[in-house]
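**Q** One file: work-v1.cif (mmCIF, C-alpha atoms and all ligand atoms).
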```cif
data_protein
loop_
_atom_site.label_atom_id
_atom_site.label_comp_id
_atom_site.auth_asym_id
_atom_site.auth_seq_id
_atom_site.Cartn_x
_atom_site.Cartn_y
_atom_site.Cartn_z
CA THR A 1 96.84 9.66 -45.98
CA ASN A 2 100.00 9.25 -43.98
CA GLY A 3 102.57 6.56 -43.38
CA SER A 4 105.85 5.62 -41.77
CA ALA A 5 108.88 3.67 -42.99
CA PRO A 6 111.72 2.33 -40.84
CA ALA A 7 115.26 3.74 -41.19
CA VAL A 8 117.72 0.94 -40.40
CA PRO A 9 121.47 1.61 -39.94
CA SER A 10 123.44 -0.14 -42.72
CA ASP A 11 126.32 -0.96 -40.34
CA GLN A 12 127.38 -0.70 -36.70
CA TYR A 13 128.58 2.92 -37.21
CA ASP A 14 125.34 4.32 -38.72
CA SER A 15 127.25 5.07 -41.97
CA LEU A 16 123.89 5.29 -43.69
CA TYR A 17 120.27 4.33 -43.04
CA LEU A 18 118.15 2.15 -45.34
CA SER A 19 114.37 2.11 -45.76
CA PRO A 20 112.19 -0.47 -47.58
CA VAL A 21 110.40 0.93 -50.65
CA THR A 22 108.15 -0.92 -53.11
CA VAL A 23 109.08 0.12 -56.67
CA GLY A 24 106.86 -1.53 -59.29
CA SER A 25 106.62 -5.07 -57.94
CA SER A 26 109.98 -5.21 -56.11
CA THR A 27 110.88 -4.13 -52.57
CA LEU A 28 114.20 -2.30 -52.52
CA HIS A 29 116.23 -0.82 -49.66
CA LEU A 30 116.89 2.85 -50.40
CA ASP A 31 118.91 5.55 -48.68
CA PHE A 32 116.54 8.50 -48.08
CA ASP A 33 118.60 11.59 -48.84
CA THR A 34 117.41 15.11 -47.90
CA GLY A 35 120.54 16.40 -49.73
CA SER A 36 119.44 15.35 -53.23
CA SER A 37 116.29 15.01 -55.35
CA ASP A 38 116.52 11.90 -57.54
CA LEU A 39 114.78 8.59 -56.81
CA TRP A 40 117.13 6.17 -58.50
CA VAL A 41 117.43 2.39 -58.22
CA PHE A 42 119.61 -0.52 -59.22
CA SER A 43 117.86 -2.06 -62.23
CA SER A 44 117.71 -4.92 -64.74
CA LEU A 45 119.32 -2.51 -67.26
CA GLN A 46 122.68 -3.04 -65.53
CA ALA A 47 125.15 -5.81 -66.21
CA GLN A 48 124.28 -8.84 -64.06
CA SER A 49 127.74 -8.60 -62.44
CA SER A 50 126.94 -5.23 -60.86
CA LEU A 51 123.66 -6.55 -59.43
CA VAL A 52 125.23 -9.24 -57.22
CA GLY A 53 124.00 -8.80 -53.65
CA HIS A 54 121.45 -6.13 -54.60
CA ASP A 55 117.70 -6.11 -54.91
CA TYR A 56 116.84 -4.32 -58.14
CA TYR A 57 113.99 -2.88 -60.21
CA MET A 58 112.83 -5.08 -63.09
CA VAL A 59 112.08 -2.45 -65.76
CA ASP A 60 108.91 -2.73 -67.84
CA PRO A 61 109.63 -1.24 -71.31
CA ALA A 62 105.97 -0.22 -71.60
CA LYS A 63 106.52 2.17 -68.67
CA GLU A 64 109.63 3.86 -70.05
CA LYS A 65 109.55 7.66 -70.45
CA GLN A 66 111.09 7.54 -73.95
CA GLY A 67 114.14 9.74 -74.41
CA TYR A 68 114.42 10.69 -70.72
CA THR A 69 117.80 10.28 -69.01
CA TRP A 70 119.39 11.17 -65.68
CA LYS A 71 122.92 11.48 -64.36
CA ILE A 72 123.89 12.40 -60.78
CA SER A 73 127.17 12.87 -58.91
CA TYR A 74 127.45 13.34 -55.17
CA GLY A 75 129.72 15.27 -52.85
CA ASP A 76 131.75 12.15 -52.08
CA GLY A 77 132.50 11.59 -55.76
CA SER A 78 130.08 8.70 -56.20
CA GLY A 79 127.46 8.79 -58.93
CA ALA A 80 125.04 6.96 -61.22
CA SER A 81 123.09 7.44 -64.46
CA GLY A 82 120.37 5.78 -66.53
CA LYS A 83 116.85 5.89 -67.97
CA VAL A 84 113.46 6.92 -66.54
CA TYR A 85 110.22 4.97 -66.01
CA ALA A 86 106.83 5.93 -64.56
CA ASP A 87 105.77 3.35 -62.01
CA LYS A 88 104.11 2.77 -58.64
CA VAL A 89 106.21 3.62 -55.58
CA VAL A 90 104.98 2.85 -52.04
CA VAL A 91 106.66 4.16 -48.87
CA GLY A 92 105.10 3.12 -45.55
CA GLY A 93 101.69 2.70 -47.18
CA VAL A 94 101.81 6.07 -49.00
CA THR A 95 101.44 5.39 -52.74
CA ALA A 96 102.65 7.42 -55.73
CA THR A 97 100.97 5.76 -58.73
CA ALA A 98 103.14 7.27 -61.50
CA GLN A 99 106.36 8.31 -59.80
CA ALA A 100 109.44 8.99 -61.95
CA VAL A 101 111.67 5.98 -61.22
CA GLU A 102 115.25 6.52 -62.38
CA ALA A 103 116.58 3.10 -63.39
CA ALA A 104 120.37 2.85 -63.36
CA THR A 105 122.32 1.68 -66.39
CA ALA A 106 125.62 2.52 -64.64
CA VAL A 107 126.65 3.19 -61.01
CA SER A 108 130.04 4.11 -59.51
CA ALA A 109 132.18 1.55 -57.69
CA GLN A 110 131.15 2.80 -54.22
CA PHE A 111 127.58 1.73 -54.94
CA THR A 112 128.43 -1.62 -56.52
CA GLN A 113 130.58 -2.62 -53.54
CA ASP A 114 128.13 -1.32 -50.91
CA VAL A 115 125.76 -4.26 -51.29
CA ASP A 116 123.12 -2.92 -48.89
CA THR A 117 122.08 0.18 -50.82
CA ASP A 118 119.73 -0.48 -53.74
CA GLY A 119 119.43 3.21 -54.60
CA LEU A 120 118.47 6.59 -53.22
CA LEU A 121 115.20 8.41 -52.57
CA GLY A 122 115.82 12.15 -52.71
CA LEU A 123 113.89 14.44 -50.34
CA ALA A 124 115.39 17.85 -51.23
CA MET A 125 113.52 20.27 -53.53
CA SER A 126 112.56 18.97 -56.98
CA THR A 127 114.53 21.86 -58.53
CA LEU A 128 117.67 19.74 -57.96
CA ASN A 129 116.31 16.73 -59.89
CA THR A 130 118.71 15.72 -62.70
CA VAL A 131 116.24 14.19 -65.20
CA LYS A 132 116.40 15.58 -68.78
CA PRO A 133 114.68 16.84 -70.95
CA GLN A 134 112.13 17.54 -68.19
CA GLN A 135 112.91 17.65 -64.44
CA GLN A 136 110.82 15.17 -62.40
CA LYS A 137 109.22 15.46 -58.96
CA THR A 138 110.56 13.83 -55.81
CA PHE A 139 108.38 11.20 -54.14
CA PHE A 140 107.47 13.75 -51.44
CA ASP A 141 106.35 16.31 -54.07
CA THR A 142 104.35 13.63 -55.93
CA VAL A 143 102.37 12.60 -52.82
CA LEU A 144 102.27 16.02 -51.11
CA LYS A 145 98.61 16.78 -51.88
CA GLN A 146 97.38 13.43 -50.58
CA LEU A 147 99.22 13.76 -47.25
CA ALA A 148 97.15 14.71 -44.18
CA GLN A 149 99.79 17.39 -43.48
CA PRO A 150 102.39 18.67 -46.02
CA LEU A 151 105.39 17.34 -44.13
CA PHE A 152 107.76 14.47 -43.43
CA ALA A 153 109.55 13.89 -40.11
CA VAL A 154 113.01 12.34 -39.72
CA ASP A 155 113.73 10.15 -36.71
CA LEU A 156 117.24 8.73 -37.23
CA LYS A 157 118.65 6.96 -34.19
CA TYR A 158 122.09 6.26 -32.67
CA HIS A 159 122.95 2.62 -33.42
CA ALA A 160 119.26 1.69 -33.68
CA ALA A 161 116.41 1.66 -36.19
CA GLY A 162 114.45 4.91 -36.52
CA SER A 163 111.84 6.04 -39.03
CA TYR A 164 110.61 8.50 -41.64
CA ASP A 165 107.02 9.69 -41.05
CA PHE A 166 105.05 11.11 -44.00
CA GLY A 167 102.01 13.37 -43.50
CA PHE A 168 101.92 13.32 -39.71
CA ILE A 169 103.88 14.17 -36.57
CA ASP A 170 104.29 11.21 -34.20
CA LYS A 171 104.06 12.54 -30.65
CA SER A 172 105.53 9.31 -29.28
CA LYS A 173 108.86 10.06 -31.00
CA TYR A 174 109.85 13.24 -29.18
CA THR A 175 109.70 15.03 -25.86
CA GLY A 176 109.28 18.74 -25.08
CA ALA A 177 108.37 21.46 -27.55
CA ILE A 178 108.97 21.49 -31.32
CA ASN A 179 111.04 24.55 -32.22
CA TYR A 180 110.26 25.81 -35.74
CA VAL A 181 112.46 27.96 -37.97
CA ASN A 182 111.91 29.02 -41.58
CA ALA A 183 113.82 26.88 -44.10
CA ASP A 184 115.99 28.49 -46.79
CA THR A 185 115.02 26.39 -49.84
CA SER A 186 116.46 28.91 -52.34
CA LYS A 187 119.33 26.56 -53.31
CA GLY A 188 117.13 23.46 -53.44
CA TRP A 189 118.04 22.15 -50.00
CA TRP A 190 116.60 22.31 -46.46
CA GLY A 191 118.78 25.25 -45.38
CA VAL A 192 119.09 26.47 -41.80
CA SER A 193 121.42 28.83 -39.95
CA ALA A 194 122.70 28.87 -36.40
CA THR A 195 123.72 31.96 -34.42
CA ALA A 196 126.07 30.23 -31.98
CA TYR A 197 127.80 26.96 -31.20
CA SER A 198 128.86 25.44 -27.89
CA ILE A 199 131.55 22.95 -26.93
CA GLY A 200 130.86 21.45 -23.53
CA ASN A 201 129.23 24.33 -21.64
CA ALA A 202 131.14 27.15 -23.36
CA SER A 203 129.08 29.06 -25.94
CA THR A 204 130.49 31.17 -28.81
CA SER A 205 128.53 33.49 -31.11
CA ALA A 206 129.03 32.60 -34.77
CA THR A 207 126.94 32.32 -37.91
CA VAL A 208 126.80 28.74 -39.13
CA SER A 209 124.74 28.27 -42.30
CA GLY A 210 124.18 24.87 -43.75
CA ILE A 211 121.80 22.21 -44.91
CA LEU A 212 120.12 19.29 -43.18
CA ASP A 213 121.26 16.16 -44.97
CA THR A 214 120.19 12.62 -44.03
CA GLY A 215 122.42 11.29 -46.87
CA THR A 216 125.60 12.58 -45.24
CA THR A 217 127.05 10.53 -42.43
CA LEU A 218 128.98 13.18 -40.52
CA LEU A 219 128.65 16.81 -39.38
CA TYR A 220 130.74 19.23 -41.48
CA VAL A 221 131.27 22.77 -40.10
CA ASP A 222 133.74 25.65 -40.49
CA THR A 223 137.38 24.85 -39.71
CA PRO A 224 137.78 27.25 -36.71
CA ILE A 225 134.87 25.50 -34.97
CA VAL A 226 136.32 22.05 -35.71
CA LYS A 227 139.72 23.12 -34.37
CA ALA A 228 138.14 24.56 -31.22
CA TYR A 229 136.24 21.29 -30.68
CA TYR A 230 139.23 18.94 -30.98
CA ALA A 231 141.36 21.29 -28.83
CA LYS A 232 139.16 19.91 -26.04
CA VAL A 233 139.89 16.28 -26.98
CA LYS A 234 143.21 15.03 -25.54
CA GLY A 235 145.36 13.25 -28.11
CA SER A 236 143.24 14.35 -31.09
CA LYS A 237 144.97 15.28 -34.35
CA MET A 238 144.24 15.90 -38.02
CA ASP A 239 145.21 12.71 -39.85
CA ASN A 240 145.41 13.26 -43.62
CA THR A 241 145.70 9.54 -44.36
CA GLN A 242 142.42 8.91 -42.57
CA GLY A 243 140.98 12.09 -44.12
CA GLY A 244 140.02 13.93 -40.96
CA TYR A 245 140.37 14.42 -37.21
CA VAL A 246 141.05 11.29 -35.16
CA PHE A 247 141.52 10.71 -31.43
CA PRO A 248 142.19 7.90 -28.93
CA CYS A 249 139.07 5.72 -28.73
CA SER A 250 139.16 6.11 -24.93
CA ALA A 251 138.83 9.92 -25.18
CA THR A 252 135.91 11.66 -23.49
CA LEU A 253 134.19 13.79 -26.11
CA PRO A 254 132.45 17.03 -25.08
CA ASP A 255 128.87 17.68 -26.21
CA PHE A 256 128.50 20.01 -29.20
CA SER A 257 125.52 22.25 -29.94
CA LEU A 258 124.30 24.69 -32.58
CA THR A 259 121.81 27.38 -31.53
CA ILE A 260 119.00 27.40 -34.11
CA GLY A 261 115.96 29.61 -33.62
CA GLY A 262 117.30 30.54 -30.20
CA VAL A 263 117.34 26.92 -29.03
CA LYS A 264 120.51 24.87 -28.44
CA GLN A 265 120.38 21.72 -30.57
CA ILE A 266 122.75 19.43 -28.70
CA VAL A 267 124.82 16.60 -30.18
CA PRO A 268 125.87 14.28 -27.31
CA GLY A 269 129.66 13.73 -27.16
CA LYS A 270 129.07 9.98 -27.46
CA HIS A 271 127.61 10.49 -30.96
CA ILE A 272 130.79 12.27 -32.07
CA ASN A 273 132.85 9.08 -31.88
CA TYR A 274 131.93 7.85 -35.37
CA SER A 275 134.03 4.70 -35.77
CA PRO A 276 137.40 3.06 -35.12
CA THR A 277 140.01 3.58 -37.87
CA SER A 278 142.42 1.04 -39.40
CA ALA A 279 145.19 2.85 -37.46
CA GLY A 280 143.82 1.93 -34.03
CA ASN A 281 142.32 5.29 -33.11
CA CYS A 282 138.80 6.68 -33.66
CA PHE A 283 137.40 8.93 -36.41
CA GLY A 284 135.54 12.10 -35.44
CA GLY A 285 131.90 12.73 -36.32
CA ILE A 286 132.61 16.46 -36.63
CA GLN A 287 134.87 17.37 -39.57
CA THR A 288 135.77 20.48 -41.55
CA ASN A 289 133.56 21.73 -44.40
CA ASP A 290 136.67 22.95 -46.30
CA GLY A 291 135.92 22.89 -50.01
CA ILE A 292 132.15 22.47 -49.53
CA GLY A 293 131.33 26.16 -49.00
CA PHE A 294 128.58 25.59 -46.42
CA SER A 295 127.96 23.36 -43.41
CA ILE A 296 126.31 19.96 -43.73
CA LEU A 297 124.24 18.86 -40.74
CA GLY A 298 124.35 15.13 -41.46
CA ASP A 299 123.37 12.03 -39.49
CA ILE A 300 125.73 12.76 -36.57
CA PHE A 301 123.70 15.95 -35.97
CA LEU A 302 120.29 14.48 -36.77
CA LYS A 303 120.32 11.22 -34.78
CA SER A 304 119.44 12.85 -31.43
CA LYS A 305 116.44 14.75 -32.81
CA TYR A 306 113.03 14.44 -34.37
CA VAL A 307 113.17 16.81 -37.36
CA ILE A 308 110.01 17.94 -39.15
CA HIS A 309 110.37 19.13 -42.77
CA GLU A 310 107.18 21.06 -43.58
CA MET A 311 106.44 22.23 -47.12
CA GLY A 312 103.69 24.72 -46.24
CA SER A 313 103.21 28.15 -47.87
CA THR A 314 106.45 29.01 -46.06
CA PRO A 315 108.74 25.98 -45.80
CA ARG A 316 109.69 25.33 -42.17
CA ILE A 317 111.88 22.98 -40.18
CA GLY A 318 110.87 21.84 -36.70
CA PHE A 319 113.37 20.46 -34.18
CA ALA A 320 112.39 18.37 -31.19
CA GLN A 321 114.41 16.25 -28.76
CA GLN A 322 114.10 12.48 -29.21
C1 LIG B 1 129.69 15.87 -47.44
S1 LIG B 1 129.05 15.22 -48.89
C2 LIG B 1 129.53 13.57 -48.71
C3 LIG B 1 128.32 12.68 -48.61
N1 LIG B 1 128.71 11.28 -48.50
C4 LIG B 1 128.78 10.72 -47.31
O1 LIG B 1 128.51 11.26 -46.26
C5 LIG B 1 129.15 9.23 -47.35
C6 LIG B 1 127.86 8.41 -47.25
C7 LIG B 1 128.23 6.97 -47.39
C8 LIG B 1 128.42 6.19 -46.25
C9 LIG B 1 128.75 4.84 -46.40
C10 LIG B 1 128.87 4.27 -47.66
C11 LIG B 1 128.67 5.09 -48.79
C12 LIG B 1 128.36 6.42 -48.66
O2 LIG B 1 129.95 8.92 -46.20
C13 LIG B 1 131.15 9.57 -46.10
O3 LIG B 1 131.57 10.32 -46.95
N2 LIG B 1 131.81 9.30 -44.95
C14 LIG B 1 131.38 8.25 -44.04
C15 LIG B 1 132.52 7.30 -43.83
C16 LIG B 1 133.78 8.05 -43.33
N3 LIG B 1 134.89 7.13 -43.18
C17 LIG B 1 134.17 9.14 -44.33
C18 LIG B 1 133.01 10.06 -44.56
C19 LIG B 1 127.46 12.77 -49.84
O4 LIG B 1 127.94 12.87 -50.94
N4 LIG B 1 126.14 12.66 -49.55
C20 LIG B 1 125.18 12.67 -50.67
C21 LIG B 1 124.27 11.46 -50.56
C22 LIG B 1 125.12 10.20 -50.43
C23 LIG B 1 125.84 9.87 -51.73
C24 LIG B 1 126.61 8.57 -51.62
C25 LIG B 1 125.70 7.42 -51.24
C26 LIG B 1 124.94 7.71 -49.97
C27 LIG B 1 124.19 9.03 -50.08
C28 LIG B 1 124.42 13.99 -50.64
O5 LIG B 1 123.51 14.07 -49.55
C29 LIG B 1 125.46 15.06 -50.47
N5 LIG B 1 125.11 16.27 -51.17
C30 LIG B 1 124.53 17.26 -50.44
C31 LIG B 1 124.29 18.46 -51.06
C32 LIG B 1 124.64 18.61 -52.42
C33 LIG B 1 125.17 17.59 -53.13
C34 LIG B 1 125.42 16.37 -52.51
O6 LIG B 1 125.91 15.40 -53.10
#
```
Could you quickly redo this structure as structure tokens?
Ligand SMILES: CSC[C@H](NC(=O)[C@H](Cc1ccccc1)OC(=O)N1CCC(N)CC1)C(=O)N[C@@H](CC1CCCCC1)[C@@H](O)Cn1ccccc1=O
**A**
Amino acid sequence: TNGSAPAVPSDQYDSLYLSPVTVGSSTLHLDFDTGSSDLWVFSSLQAQSSLVGHDYYMVDPAKEKQGYTWKISYGDGSGASGKVYADKVVVGGVTATAQAVEAATAVSAQFTQDVDTDGLLGLAMSTLNTVKPQQQKTFFDTVLKQLAQPLFAVDLKYHAAGSYDFGFIDKSKYTGAINYVNADTSKGWWGVSATAYSIGNASTSATVSGILDTGTTLLYVDTPIVKAYYAKVKGSKMDNTQGGYVFPCSATLPDFSLTIGGVKQIVPGKHINYSPTSAGNCFGGIQTNDGIGFSILGDIFLKSKYVIHEMGSTPRIGFAQQ
């Protein structure tokens, strides 16, 4: 089988993308996250006050995996925890009959106040799953054998609805050739490395290793690269109150590219203006990975590409131009 689910921006800045998923008998809007491996949802186990504005999973005690718990915390400090159920999960017509559904008993404030997100669907390797006493499979791992091809493709768009395709490559969603590289899955993520970057039409050799991450809004790379980029943006500065590089909203932003598998993967300058700030300037889509230890190729990087994540005998990542 195969199937496709829409990926709808949660706000006008593409802060995150939400996809409809049927969990048990409810349809929830989940953030598909290739940077983590838990499928967790807002649930009837939470206090009613934290459910306001959310769709949530009505737990069925008969489906509980007795004694199983989960607890996750993310790079931005948000987190959630709860109990585990085995239930039907359907994404774009692809059905997992007994998927581990992690029902929240508690979620951090960021999730309660962000009333669009009803949970996350992790698409990294199942080795990062947080369920105890026994790690559980991601949705992708659960359905892998029934998929026509062992892959999912990510088609996030700039200020528009895109999609996640499972089990097939949709030729209508890209132009030109697909450029494949081996994925480094040794740390549980979809790892890639670049051999150069370019700012405008000036190329510089450098090793940039990082992970593809649909759950991260921006593009985080090494500080020297970030400095070199904003040196080309008149009026840009590091603004600690805003938490990153900002610039005049009227600035012209150069294109940025990373060379992966010998092919320049270009991020149009327009995509690097993430959003206006409360201080009247604009917040950059490229920011420093200080403190993270690797680069994170988030939505700012992904939204100009069609990216195939193939879990064959050798995991591979395919890049094509949208
Ligand atoms: C550089 S890890 C920071 C990253 N979280 C972000 O990117 C959030 C996403 C967001 C946007 C809008 C509302 C709420 C949350 O957005 C910002 O942080 N933004 C956007 C808004 C800007 N003003 C400031 C910068 C992050 O933890 N991702 C994880 C998944 C997230 C968790 C929060 C909810 C959405 C999904 C995850 O894949 C990151 N991961 C990746 C590898 C290992 C561990 C790990 O945990």
**Q** How far is it from CA of Thr241 (chain A) to atom N5 of ligand LIG 1 (chain B), in Å with one decimal?
**A**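 Interatomic distance here is 22.7 Å.
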**Q** Give the residues close to ligand LIG 1 (chain B), within 6 Å, counting all atoms listed in the file; write them as a short mmCIF file (atom, residue, chain, number, x, y, z; two decimals) with C-alpha atoms, keeping the file's coordinate frame.
**A**
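Now in selection_31.cif:
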```cif
data_model
loop_
_atom_site.label_atom_id
_atom_site.label_comp_id
_atom_site.auth_asym_id
_atom_site.auth_seq_id
_atom_site.Cartn_x
_atom_site.Cartn_y
_atom_site.Cartn_z
CA SER A 15 127.25 5.07 -41.97
CA LEU A 16 123.89 5.29 -43.69
CA ASP A 33 118.60 11.59 -48.84
CA GLY A 35 120.54 16.40 -49.73
CA SER A 36 119.44 15.35 -53.23
CA TYR A 74 127.45 13.34 -55.17
CA GLY A 75 129.72 15.27 -52.85
CA ASP A 76 131.75 12.15 -52.08
CA SER A 78 130.08 8.70 -56.20
CA ASP A 213 121.26 16.16 -44.97
CA GLY A 215 122.42 11.29 -46.87
CA THR A 216 125.60 12.58 -45.24
CA THR A 217 127.05 10.53 -42.43
#
```
**Q** Which neighbours of Gly24 (chain A) fall inside 8 Å, counting all atoms listed in the file, when residues of the same chain fewer than 4 positions from it are skipped, and could you give them as a count of residues only?
**A** 5
**Q** Calculate how many Å separate CA of Val94 (chain A) from CA of Thr314 (chain A), rounding to one decimal.
**A**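 One can read the CA of Val94 (chain A) to CA of Thr314 (chain A) distance as 23.6 Å.
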**Q** Can you pull out the residues contacting Asp14 (chain A)? Cut-off 9 Å, using all atoms listed in the file, and skip same-chain residues under 4 positions away; I want them as a list in words.
**A**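 Listing them by chain and then by number gives Val8, Pro9, Ser10, Lys157, Tyr158, His159, Ala160, Thr217, Tyr274, Asp299 and Ile300 of chain A.
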**Q** What is the distance, in Å and to one decimal place, between CA of Gly176 (chain A) and CA of Ala320 (chain A)?
**A**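 Pair CA of Gly176 (chain A) / CA of Ala320 (chain A) returns 6.9 Å.
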**Q** Grab all the atoms of region 98-102 of chain A that the file lists, wrap them in a box along x, y and z, add 5 Å per side, and give me centre plus edge lengths in Å (one decimal) as AutoDock Vina command-line options.
**A**
```
--center_x 109.2 --center_y 7.5 --center_z -61.1 --size_x 22.1 --size_y 13.0 --size_z 12.6
```
**Q** What residues have an atom no more than 7 Å from (114.6, 11.4, -58.7) in the file's own frame, counting only C-alpha atoms, and can you write them as a ChimeraX atom specification?
**A** /A:37-40,100-102,121-122,129,136-138
**Q** Between A:Gly3, A:Gly269, A:Gly162, A:Gly293, which one has atoms that come closest to Val307 (chain A), using all atoms listed in the file?
**A**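 Of the candidates, the smallest distance to Val307 (chain A) is held by A:Gly162.
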**Q** When you look at Cys282 (chain A) with a cut-off of 8 Å (counting only C-alpha atoms), what residues show up, excluding the ones that are within fewer than 2 positions of it in the same chain? I need them as a list in words.
**A**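 Close residues of Cys282 (chain A): Val246, Phe247, Pro248, Cys249, Asn273, Tyr274, Ser275, Pro276, Thr277, Gly280 and Gly284 of chain A.
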**Q** Using only C-alpha atoms, pick whichever of A:Ala231, A:Ala206, A:Ala5, A:Ala47 has the shortest atom-to-atom distance to Gly93 (chain A).
**A**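 Using only C-alpha atoms, Gly93 (chain A) sits closest to A:Ala5.
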**Q** Select, counting only C-alpha atoms, all protein, DNA and RNA residues no farther than 10 Å from (128.9, 5.3, -57.9) in file coordinates, and express the selection as a list in words.
**A**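 Counting only C-alpha atoms, I find these residues within 10 Å of (128.9, 5.3, -57.9): Ile72, Ser73, Tyr74, Asp76, Gly77, Ser78, Gly79, Ala80, Ser81, Ala106, Val107, Ser108, Ala109, Gln110, Phe111, Thr112, Gln113 and Asp114 of chain A.
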**Q** List the neighbours of Pro133 (chain A) out to 8 Å using only C-alpha atoms; skip same-chain residues closer than 6 positions along the sequence, and give me the result as a list in words.
**A**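 Selected residues are Gly67, Tyr68 and Thr69 of chain A.
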**Q** May I ask which of the residues A:Thr223, A:Phe256, A:Phe166, A:Gln242 is the closest one to Ser278 (chain A), counting all atoms listed in the file?
**A**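 Checking each of A:Thr223, A:Phe256, A:Phe166, A:Gln242 against Ser278 (chain A), counting all atoms listed in the file, the winner is A:Gln242.
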**Q** From the options A:Leu18, A:Ile317, A:Ile308, A:Ile225, which residue's atoms come nearest to Ala161 (chain A), counting all atoms listed in the file?
**A**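 Ranking A:Leu18, A:Ile317, A:Ile308, A:Ile225 by distance to Ala161 (chain A), first place goes to A:Leu18.
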